[in-house]
file entry06.tsv (TSV, C-alpha atoms)
chain	number	residue	atom	x	y	z
X	763	MET	CA	-11.20	-19.76	4.88
X	764	LEU	CA	-13.60	-17.58	6.87
X	765	THR	CA	-16.23	-20.33	6.82
X	766	ILE	CA	-13.91	-22.99	8.30
X	767	GLU	CA	-13.63	-23.16	12.07
X	768	LYS	CA	-10.19	-22.83	13.64
X	769	THR	CA	-10.59	-26.11	15.54
X	770	ARG	CA	-11.33	-27.93	12.28
X	771	LEU	CA	-8.25	-26.47	10.62
X	772	GLU	CA	-6.06	-27.48	13.56
X	773	ALA	CA	-7.55	-30.98	13.60
X	774	SER	CA	-6.91	-31.42	9.87
X	775	LEU	CA	-3.28	-30.40	10.27
X	776	THR	CA	-2.78	-32.65	13.30
X	777	ALA	CA	-4.27	-35.63	11.44
X	778	ARG	CA	-1.71	-35.12	8.69
X	779	GLY	CA	1.21	-34.68	11.08
X	780	ARG	CA	1.67	-31.05	10.19
X	781	THR	CA	2.57	-28.27	12.59
X	782	TRP	CA	1.84	-24.55	12.42
X	783	CYS	CA	3.02	-21.27	13.84
X	784	THR	CA	0.88	-19.13	16.10
X	785	ASP	CA	1.25	-15.37	15.81
X	786	PRO	CA	1.42	-13.99	19.40
X	787	SER	CA	0.00	-10.67	18.19
X	788	ASN	CA	-3.31	-12.45	17.59
X	789	GLU	CA	-3.82	-12.39	21.36
X	790	ASP	CA	-2.58	-8.83	21.82
X	791	ASP	CA	-5.45	-6.45	22.58
X	792	ARG	CA	-3.43	-3.52	21.27
X	793	TYR	CA	-4.43	-4.66	17.77
X	794	LYS	CA	-7.91	-4.06	16.44
X	795	ARG	CA	-8.14	-7.48	14.80
X	796	SER	CA	-7.50	-9.13	18.18
X	797	ARG	CA	-10.18	-7.05	19.88
X	798	LEU	CA	-12.68	-7.88	17.14
X	799	ARG	CA	-11.88	-11.59	17.35
X	800	SER	CA	-12.69	-11.57	21.04
X	801	VAL	CA	-16.27	-10.48	20.37
X	802	LEU	CA	-16.97	-12.89	17.49
X	803	ALA	CA	-18.78	-15.34	19.77
X	804	LEU	CA	-21.13	-12.59	20.96
X	805	LEU	CA	-21.76	-11.48	17.39
X	806	ALA	CA	-22.53	-15.06	16.35
X	807	GLN	CA	-25.22	-15.22	19.06
X	808	GLU	CA	-26.88	-12.29	17.34
X	809	GLY	CA	-26.69	-13.98	13.94
X	810	LEU	CA	-23.51	-12.36	12.66
X	811	THR	CA	-21.65	-15.61	12.08
X	812	ALA	CA	-18.43	-16.21	10.17
X	813	GLU	CA	-20.50	-17.67	7.34
X	814	ARG	CA	-22.61	-14.53	7.11
X	815	LEU	CA	-19.51	-12.35	7.19
X	816	ALA	CA	-18.07	-14.40	4.31
X	817	ARG	CA	-21.26	-13.95	2.26
X	818	THR	CA	-21.20	-10.22	2.96
X	819	ALA	CA	-17.59	-10.03	1.84
X	820	ASP	CA	-18.50	-11.83	-1.39
X	821	ASN	CA	-21.37	-9.41	-2.01
X	822	MET	CA	-19.02	-6.47	-1.46
X	823	ARG	CA	-16.51	-8.01	-3.86
X	824	ARG	CA	-19.13	-8.19	-6.63
X	825	ALA	CA	-20.25	-4.61	-5.97
X	826	GLY	CA	-16.61	-3.46	-5.99
X	827	GLU	CA	-15.99	-5.15	-9.33
X	828	ALA	CA	-19.03	-3.40	-10.81
X	829	LEU	CA	-17.82	-0.03	-9.54
X	830	GLN	CA	-14.35	-0.73	-10.88
X	831	ALA	CA	-15.68	-1.55	-14.35
X	832	THR	CA	-17.78	1.62	-14.37
X	833	LEU	CA	-14.80	3.69	-13.21
X	834	GLN	CA	-12.65	2.27	-16.00
X	835	ASP	CA	-15.33	3.10	-18.56
X	836	LEU	CA	-15.69	6.66	-17.24
X	837	ALA	CA	-11.93	7.21	-17.37
X	838	GLU	CA	-11.65	5.92	-20.93
X	839	LYS	CA	-14.59	7.99	-22.19
X	840	HIS	CA	-14.12	11.29	-20.41
X	841	LEU	CA	-10.55	11.78	-19.18
X	842	VAL	CA	-8.33	13.66	-21.64
X	843	GLU	CA	-4.67	12.93	-21.00
X	844	HIS	CA	-1.82	15.03	-22.31
X	845	ALA	CA	1.39	13.22	-23.21
X	846	ALA	CA	3.27	15.52	-20.85
X	847	GLY	CA	1.29	14.38	-17.80
X	848	PRO	CA	-1.82	16.45	-16.93
X	849	LEU	CA	-5.45	15.35	-17.16
X	850	LYS	CA	-8.73	17.15	-17.74
X	851	LEU	CA	-12.44	16.48	-18.13
X	852	GLU	CA	-15.57	18.54	-18.56
X	853	ARG	CA	-16.89	19.89	-15.29
X	854	SER	CA	-20.48	19.18	-16.30
X	855	VAL	CA	-19.57	15.53	-16.82
X	856	PHE	CA	-17.93	15.40	-13.40
X	857	ARG	CA	-21.06	16.84	-11.75
X	858	ALA	CA	-23.30	14.26	-13.44
X	859	ILE	CA	-21.35	11.30	-12.04
X	860	PRO	CA	-22.72	9.71	-8.81
X	861	GLU	CA	-20.82	10.80	-5.71
X	862	GLU	CA	-19.11	7.47	-4.97
X	863	LEU	CA	-17.76	7.34	-8.51
X	864	ARG	CA	-16.63	10.97	-8.29
X	865	LEU	CA	-14.59	10.11	-5.19
X	866	ARG	CA	-13.04	7.15	-6.96
X	867	LEU	CA	-12.37	9.17	-10.10
X	868	ILE	CA	-10.56	11.84	-8.08
X	869	THR	CA	-8.38	9.17	-6.49
X	870	LEU	CA	-7.69	7.67	-9.90
X	871	MET	CA	-6.68	11.07	-11.29
X	872	ILE	CA	-4.29	11.60	-8.37
X	873	ALA	CA	-2.74	8.18	-8.99
X	874	ARG	CA	-2.36	8.87	-12.68
X	875	VAL	CA	-0.67	12.26	-12.49
X	876	THR	CA	1.59	11.41	-9.52
X	877	GLY	CA	2.49	7.82	-10.36
X	878	SER	CA	1.64	6.78	-6.80
X	879	SER	CA	-1.15	4.79	-5.12
X	880	PRO	CA	-2.83	7.37	-2.90
X	881	ARG	CA	-5.31	6.74	-0.11
X	882	PRO	CA	-6.47	10.23	0.90
X	883	ARG	CA	-8.54	10.87	3.98
X	884	LEU	CA	-12.26	10.69	3.31
X	885	ARG	CA	-12.75	14.15	4.82
X	886	SER	CA	-10.22	15.67	2.41
X	887	LEU	CA	-11.61	13.74	-0.54
X	888	THR	CA	-15.22	14.75	0.06
X	889	GLY	CA	-14.17	18.36	0.56
X	890	LEU	CA	-12.39	18.40	-2.79
X	891	ASN	CA	-15.36	16.71	-4.43
X	892	ARG	CA	-17.69	19.34	-3.04
X	893	MET	CA	-15.58	22.17	-4.48
X	894	LEU	CA	-15.17	20.54	-7.88
X	895	SER	CA	-18.89	19.80	-8.07
X	896	GLY	CA	-19.78	23.44	-7.43
X	897	ASP	CA	-19.94	26.38	-9.79
X	898	ARG	CA	-17.11	28.57	-8.53
X	899	PRO	CA	-13.59	28.50	-9.95
X	900	CYS	CA	-11.21	26.82	-7.51
X	901	ARG	CA	-7.71	25.46	-7.20
X	902	LEU	CA	-6.80	22.91	-4.53
X	903	THR	CA	-4.15	20.29	-3.85
X	904	LEU	CA	-4.51	16.78	-2.49
X	905	ALA	CA	-1.98	13.95	-2.14
X	906	GLY	CA	0.56	15.58	-4.45
X	907	ALA	CA	-1.91	16.56	-7.18
X	908	VAL	CA	-3.28	19.97	-8.13
X	909	PHE	CA	-6.92	20.32	-9.16
X	910	GLU	CA	-8.05	23.47	-10.96
X	911	ALA	CA	-11.68	23.92	-11.93
X	912	GLY	CA	-12.99	26.65	-14.21
X	913	PRO	CA	-16.45	27.22	-15.68
X	914	GLU	CA	-16.09	24.35	-18.16
X	915	MET	CA	-13.12	22.13	-17.31
X	916	VAL	CA	-11.46	20.39	-14.38
X	917	CYS	CA	-7.69	20.03	-14.82
X	918	CYS	CA	-5.37	17.90	-12.72
X	919	TRP	CA	-1.58	17.69	-12.69
X	920	LYS	CA	1.32	16.71	-10.48
X	921	GLU	CA	2.21	19.28	-7.84
X	922	ARG	CA	5.78	20.49	-8.12
X	923	GLY	CA	5.92	21.22	-4.40
X	924	ARG	CA	9.12	21.89	-2.55
X	925	THR	CA	10.76	18.86	-4.15
X	926	PRO	CA	10.22	18.48	-7.90
X	927	PRO	CA	10.71	15.14	-9.68
X	928	GLU	CA	14.31	13.99	-9.75
X	929	THR	CA	16.64	14.81	-12.62
X	930	LEU	CA	18.51	11.80	-14.00
X	931	VAL	CA	22.05	12.67	-15.08
X	932	GLY	CA	23.99	10.56	-17.58
X	933	LEU	CA	20.92	9.06	-19.22
X	934	LYS	CA	21.64	5.64	-20.74
X	935	GLY	CA	19.87	2.40	-21.52
X	936	ARG	CA	16.30	1.94	-20.34
X	937	GLY	CA	14.55	2.87	-17.12
X	938	VAL	CA	11.60	4.54	-15.42
X	939	TRP	CA	11.43	8.22	-14.57
X	940	ASP	CA	9.18	9.58	-11.83
X	941	LYS	CA	7.03	6.41	-11.85
X	942	ARG	CA	5.26	7.85	-14.91
X	943	TYR	CA	7.50	7.41	-17.95
X	944	VAL	CA	9.74	4.77	-19.47
X	945	PHE	CA	12.80	6.14	-21.24
X	946	SER	CA	15.06	4.35	-23.68
X	947	VAL	CA	18.34	5.58	-25.13
X	948	VAL	CA	19.48	3.67	-28.21
X	949	GLY	CA	23.26	3.39	-28.59
X	950	GLU	CA	25.63	5.90	-27.10
X	951	PRO	CA	24.03	9.33	-26.58
X	952	ASP	CA	25.57	12.38	-28.18
X	953	GLU	CA	27.24	14.10	-25.22
X	954	PRO	CA	29.56	16.84	-26.52
X	955	ALA	CA	32.59	17.61	-24.37
X	956	GLY	CA	31.47	15.00	-21.87
X	957	ILE	CA	28.32	16.93	-20.92
X	958	PRO	CA	25.87	14.30	-19.63
X	959	LEU	CA	22.41	13.72	-21.04
X	960	GLN	CA	19.70	14.61	-18.50
X	961	LEU	CA	16.02	13.85	-18.01
X	962	GLY	CA	14.07	15.98	-15.58
X	963	PRO	CA	11.01	18.20	-15.06
X	964	LEU	CA	10.34	21.26	-17.18
X	965	SER	CA	10.70	23.43	-14.08
X	966	ASP	CA	14.41	22.50	-13.92
X	967	ALA	CA	15.17	22.42	-17.66
X	968	PRO	CA	17.31	25.08	-19.38
X	969	VAL	CA	14.42	26.61	-21.30
X	970	SER	CA	12.45	29.84	-20.83
X	971	SER	CA	8.70	30.19	-20.97
X	972	LYS	CA	8.99	32.30	-24.12
X	973	GLU	CA	10.61	29.42	-26.00
X	974	ILE	CA	7.69	27.07	-25.45
X	975	ASP	CA	4.70	26.74	-27.73
X	976	TRP	CA	2.27	26.19	-24.88
X	977	PRO	CA	-0.61	23.74	-25.54
X	978	LYS	CA	-3.96	25.44	-25.85
X	979	GLY	CA	-6.64	24.66	-23.32
X	980	TRP	CA	-4.20	23.76	-20.53
X	981	PRO	CA	-2.80	25.87	-17.65
X	982	LYS	CA	0.92	26.51	-18.04
X	983	ALA	CA	1.48	25.35	-14.45
X	984	ALA	CA	0.18	21.92	-15.46
X	985	PHE	CA	3.50	21.27	-17.20
X	986	ASP	CA	5.92	22.09	-14.38
X	987	CYS	CA	6.58	18.37	-13.93
X	988	ALA	CA	6.50	17.50	-17.64
X	989	PRO	CA	9.49	15.41	-18.81
X	990	VAL	CA	12.24	17.19	-20.71
X	991	VAL	CA	15.51	15.78	-22.05
X	992	TRP	CA	18.49	18.11	-22.34
X	993	CYS	CA	22.27	18.15	-22.68
X	994	GLY	CA	23.98	21.18	-21.18
X	995	GLU	CA	21.94	24.15	-22.39
X	996	ARG	CA	20.57	22.29	-25.41
X	997	VAL	CA	17.07	20.86	-25.06
X	998	LEU	CA	16.68	17.64	-27.06
X	999	MET	CA	13.11	16.68	-26.29
X	1000	LEU	CA	10.52	19.27	-25.46
X	1001	HIS	CA	7.82	18.87	-28.07
X	1002	ALA	CA	6.04	16.20	-26.01
X	1003	LEU	CA	4.47	19.26	-24.44
X	1004	THR	CA	2.59	20.01	-27.64
X	1005	ALA	CA	1.79	16.45	-28.66
X	1006	LEU	CA	-1.42	14.70	-27.67
X	1007	LEU	CA	-0.43	11.04	-27.62
X	1008	GLU	CA	-2.39	7.97	-26.65
X	1009	PRO	CA	-1.22	6.46	-23.32
X	1010	GLY	CA	1.44	3.83	-23.92
X	1011	THR	CA	2.67	5.17	-27.25
X	1012	SER	CA	6.28	6.14	-27.79
X	1013	HIS	CA	7.73	9.53	-28.54
X	1014	PRO	CA	11.13	9.17	-30.26
X	1015	GLU	CA	13.67	11.93	-30.74
X	1016	GLY	CA	17.22	11.33	-31.93
X	1017	GLY	CA	17.60	7.84	-30.48
X	1018	ILE	CA	15.73	8.72	-27.29
X	1019	THR	CA	12.29	7.25	-26.65
X	1020	LEU	CA	9.95	8.51	-23.94
X	1021	GLU	CA	6.85	6.45	-23.27
X	1022	ARG	CA	3.99	7.25	-20.92
X	1023	LEU	CA	3.17	4.30	-18.72
X	1024	PRO	CA	-0.38	2.96	-19.31
X	1025	ILE	CA	-3.16	4.12	-17.04
X	1026	HIS	CA	-3.90	1.86	-14.11
X	1027	ALA	CA	-7.58	2.21	-13.30
X	1028	LYS	CA	-7.54	-0.49	-10.61
X	1029	LEU	CA	-6.75	0.92	-7.18
X	1030	LEU	CA	-5.86	-1.01	-4.05
X	1031	GLY	CA	-8.07	1.29	-1.98
X	1032	ASN	CA	-10.18	4.34	-2.48
X	1033	TYR	CA	-9.66	6.31	0.70
X	1034	VAL	CA	-8.90	6.04	4.39
X	1035	ASP	CA	-11.85	6.52	6.69
X	1036	ASP	CA	-11.55	9.23	9.30
X	1037	GLY	CA	-11.64	7.86	12.82
X	1038	ASP	CA	-10.08	7.80	16.25
X	1039	VAL	CA	-8.46	4.37	15.95
X	1040	ALA	CA	-4.88	4.39	14.69
X	1041	GLU	CA	-4.24	2.35	11.57
X	1042	GLU	CA	-2.34	-0.90	11.88
X	1043	ASN	CA	0.61	-1.73	9.67
call {"tool": "encode", "arguments": {"input": "entry06.tsv", "output": "structure tokens"}}
result
Amino acid sequence: MLTIEKTRLEASLTARGRTWCTDPSNEDDRYKRSRLRSVLALLAQEGLTAERLARTADNMRRAGEALQATLQDLAEKHLVEHAAGPLKLERSVFRAIPEELRLRLITLMIARVTGSSPRPRLRSLTGLNRMLSGDRPCRLTLAGAVFEAGPEMVCCWKERGRTPPETLVGLKGRGVWDKRYVFSVVGEPDEPAGIPLQLGPLSDAPVSSKEIDWPKGWPKAAFDCAPVVWCGERVLMLHALTALLEPGTSHPEGGITLERLPIHAKLLGNYVDDGDVAEEN
């Protein structure tokens, strides 16, 4: 609709006997969109018409689709995902990727391990990219994700933080845990003496580090937020930690199924530009 003049739209509605609502905030200079609208006539005098803006937006859409397809391909080829949540890729591969795609890949990794849709500040994102692209070992956090880079690999996992993922008590039926996993309990769970079935992070589970057969090639801290099912002091599902499963496949154990949600490579936005103007809702 950018190429259609407002007067033409209003005339078309009037001719058909239709009315419309006018948003009073459109005339409020406190909003950036209102301030920009007020200078459109001046921009048009310099050749920056609504039609040209529409063509530019279409060009950007095509470029965005190409970047998105490339990002998806990079993720499928190079990201290694553990069934318990963390990701990793070769550091040399990360360095070889063009900068814009590195920024997008970082954002995608954050979204994947946290289950959220992050939009980190560009300054923070470029700083993290600079460290990961270097040669020195480093460990940094951004938007709820931990990035650890060694000589050969870059690992990423969900930050436990002050508030770990919730623990669901009295697990029954089907649902989503921590925006990352779908659980399903078939029939009535075995709950001796009325002790409820629970699903929560490894950091809160009744198991010691010595009892775990830690996956090779991954930092132990990468599994703090890994899903564990337990009943009282008895752990029912822990071996997802040692299983490398394809995203979307199920992991059954005694009537309990835990399934990693599929990776979503399409992001609503890549990052938030740094600036002095406050964002609008």
call {"tool": "residues_around", "arguments": {"input": "entry06.tsv", "residues": "range 828-842 of chain X", "least_positions_apart": "5", "cutoff": "9 Å", "atoms": "all atoms listed in the file", "output": "mmCIF file with C-alpha atoms, in the frame of the given file"}}
result
data_model
loop_
_atom_site.group_PDB
_atom_site.id
_atom_site.type_symbol
_atom_site.label_atom_id
_atom_site.label_comp_id
_atom_site.auth_asym_id
_atom_site.auth_seq_id
_atom_site.Cartn_x
_atom_site.Cartn_y
_atom_site.Cartn_z
ATOM 1 C CA ARG X 823 -16.510 -8.010 -3.860
ATOM 2 C CA PRO X 848 -1.820 16.450 -16.930
ATOM 3 C CA LEU X 849 -5.450 15.350 -17.160
ATOM 4 C CA LYS X 850 -8.730 17.150 -17.740
ATOM 5 C CA LEU X 851 -12.440 16.480 -18.130
ATOM 6 C CA GLU X 852 -15.570 18.540 -18.560
ATOM 7 C CA VAL X 855 -19.570 15.530 -16.820
ATOM 8 C CA PHE X 856 -17.930 15.400 -13.400
ATOM 9 C CA ILE X 859 -21.350 11.300 -12.040
ATOM 10 C CA GLU X 862 -19.110 7.470 -4.970
ATOM 11 C CA LEU X 863 -17.760 7.340 -8.510
ATOM 12 C CA ARG X 864 -16.630 10.970 -8.290
ATOM 13 C CA ARG X 866 -13.040 7.150 -6.960
ATOM 14 C CA LEU X 867 -12.370 9.170 -10.100
ATOM 15 C CA LEU X 870 -7.690 7.670 -9.900
ATOM 16 C CA MET X 871 -6.680 11.070 -11.290
ATOM 17 C CA HIS X 1026 -3.900 1.860 -14.110
ATOM 18 C CA ALA X 1027 -7.580 2.210 -13.300
ATOM 19 C CA LYS X 1028 -7.540 -0.490 -10.610
ATOM 20 C CA LEU X 1029 -6.750 0.920 -7.180
#
call {"tool": "residues_near_point", "arguments": {"input": "entry06.tsv", "point": "(-7.0, 12.4, 1.5)", "cutoff": "9 Å", "atoms": "all atoms listed in the file", "output": "PDB file with C-alpha atoms, keeping the file's coordinate frame"}}
result
ATOM      1  CA  THR X 869      -8.380   9.170  -6.490  1.00  0.00           C
ATOM      2  CA  PRO X 880      -2.830   7.370  -2.900  1.00  0.00           C
ATOM      3  CA  ARG X 881      -5.310   6.740  -0.110  1.00  0.00           C
ATOM      4  CA  PRO X 882      -6.470  10.230   0.900  1.00  0.00           C
ATOM      5  CA  ARG X 883      -8.540  10.870   3.980  1.00  0.00           C
ATOM      6  CA  LEU X 884     -12.260  10.690   3.310  1.00  0.00           C
ATOM      7  CA  ARG X 885     -12.750  14.150   4.820  1.00  0.00           C
ATOM      8  CA  SER X 886     -10.220  15.670   2.410  1.00  0.00           C
ATOM      9  CA  LEU X 887     -11.610  13.740  -0.540  1.00  0.00           C
ATOM     10  CA  THR X 888     -15.220  14.750   0.060  1.00  0.00           C
ATOM     11  CA  LEU X 904      -4.510  16.780  -2.490  1.00  0.00           C
ATOM     12  CA  ALA X 905      -1.980  13.950  -2.140  1.00  0.00           C
ATOM     13  CA  TYR X1033      -9.660   6.310   0.700  1.00  0.00           C
ATOM     14  CA  VAL X1034      -8.900   6.040   4.390  1.00  0.00           C
TER      15      VAL X1034
END
call {"tool": "closest_residue", "arguments": {"input": "entry06.tsv", "among": "X:Thr818, X:Thr903, X:Ser879, X:Ser895", "to": "Ser854 in chain X", "atoms": "only C-alpha atoms"}}
result
X:Ser895
call {"tool": "decode", "arguments": {"input": "entry06.tsv", "residues": "range 852-894 of chain X", "atoms": "C-alpha atoms", "output": "PDB file, in the first residue's frame"}}
result
ATOM      1  CA  GLU X 852      34.296 -25.527  14.405  1.00  0.00           C
ATOM      2  CA  ARG X 853      35.907 -22.197  15.141  1.00  0.00           C
ATOM      3  CA  SER X 854      37.694 -22.173  11.785  1.00  0.00           C
ATOM      4  CA  VAL X 855      34.330 -22.512  10.045  1.00  0.00           C
ATOM      5  CA  PHE X 856      32.934 -19.628  12.077  1.00  0.00           C
ATOM      6  CA  ARG X 857      35.872 -17.396  11.112  1.00  0.00           C
ATOM      7  CA  ALA X 858      35.419 -18.175   7.411  1.00  0.00           C
ATOM      8  CA  ILE X 859      31.786 -17.005   7.370  1.00  0.00           C
ATOM      9  CA  PRO X 860      31.154 -13.381   6.225  1.00  0.00           C
ATOM     10  CA  GLU X 861      30.563 -11.012   9.129  1.00  0.00           C
ATOM     11  CA  GLU X 862      26.851 -10.380   8.515  1.00  0.00           C
ATOM     12  CA  LEU X 863      26.188 -14.105   8.487  1.00  0.00           C
ATOM     13  CA  ARG X 864      28.277 -14.575  11.637  1.00  0.00           C
ATOM     14  CA  LEU X 865      26.084 -12.030  13.422  1.00  0.00           C
ATOM     15  CA  ARG X 866      22.957 -13.805  12.252  1.00  0.00           C
ATOM     16  CA  LEU X 867      24.350 -17.210  13.171  1.00  0.00           C
ATOM     17  CA  ILE X 868      25.125 -16.018  16.699  1.00  0.00           C
ATOM     18  CA  THR X 869      21.563 -14.764  17.064  1.00  0.00           C
ATOM     19  CA  LEU X 870      20.238 -18.056  15.732  1.00  0.00           C
ATOM     20  CA  MET X 871      22.353 -20.009  18.221  1.00  0.00           C
ATOM     21  CA  ILE X 872      21.035 -17.878  21.085  1.00  0.00           C
ATOM     22  CA  ALA X 873      17.462 -18.494  19.941  1.00  0.00           C
ATOM     23  CA  ARG X 874      18.050 -22.219  19.661  1.00  0.00           C
ATOM     24  CA  VAL X 875      19.603 -22.831  23.074  1.00  0.00           C
ATOM     25  CA  THR X 876      17.295 -20.465  24.989  1.00  0.00           C
ATOM     26  CA  GLY X 877      14.013 -21.115  23.193  1.00  0.00           C
ATOM     27  CA  SER X 878      13.451 -17.363  22.872  1.00  0.00           C
ATOM     28  CA  SER X 879      13.526 -14.826  20.024  1.00  0.00           C
ATOM     29  CA  PRO X 880      16.401 -12.534  20.986  1.00  0.00           C
ATOM     30  CA  ARG X 881      17.250  -9.151  19.506  1.00  0.00           C
ATOM     31  CA  PRO X 882      20.596  -8.261  21.099  1.00  0.00           C
ATOM     32  CA  ARG X 883      22.141  -4.841  20.787  1.00  0.00           C
ATOM     33  CA  LEU X 884      24.392  -4.518  17.752  1.00  0.00           C
ATOM     34  CA  ARG X 885      27.259  -3.316  19.956  1.00  0.00           C
ATOM     35  CA  SER X 886      27.045  -6.439  22.117  1.00  0.00           C
ATOM     36  CA  LEU X 887      26.656  -8.713  19.116  1.00  0.00           C
ATOM     37  CA  THR X 888      29.652  -7.317  17.245  1.00  0.00           C
ATOM     38  CA  GLY X 889      31.752  -7.496  20.400  1.00  0.00           C
ATOM     39  CA  LEU X 890      30.932 -11.174  20.845  1.00  0.00           C
ATOM     40  CA  ASN X 891      31.614 -11.810  17.171  1.00  0.00           C
ATOM     41  CA  ARG X 892      35.008 -10.160  17.465  1.00  0.00           C
ATOM     42  CA  MET X 893      35.987 -12.387  20.393  1.00  0.00           C
ATOM     43  CA  LEU X 894      34.741 -15.589  18.777  1.00  0.00           C
TER      44      LEU X 894
END
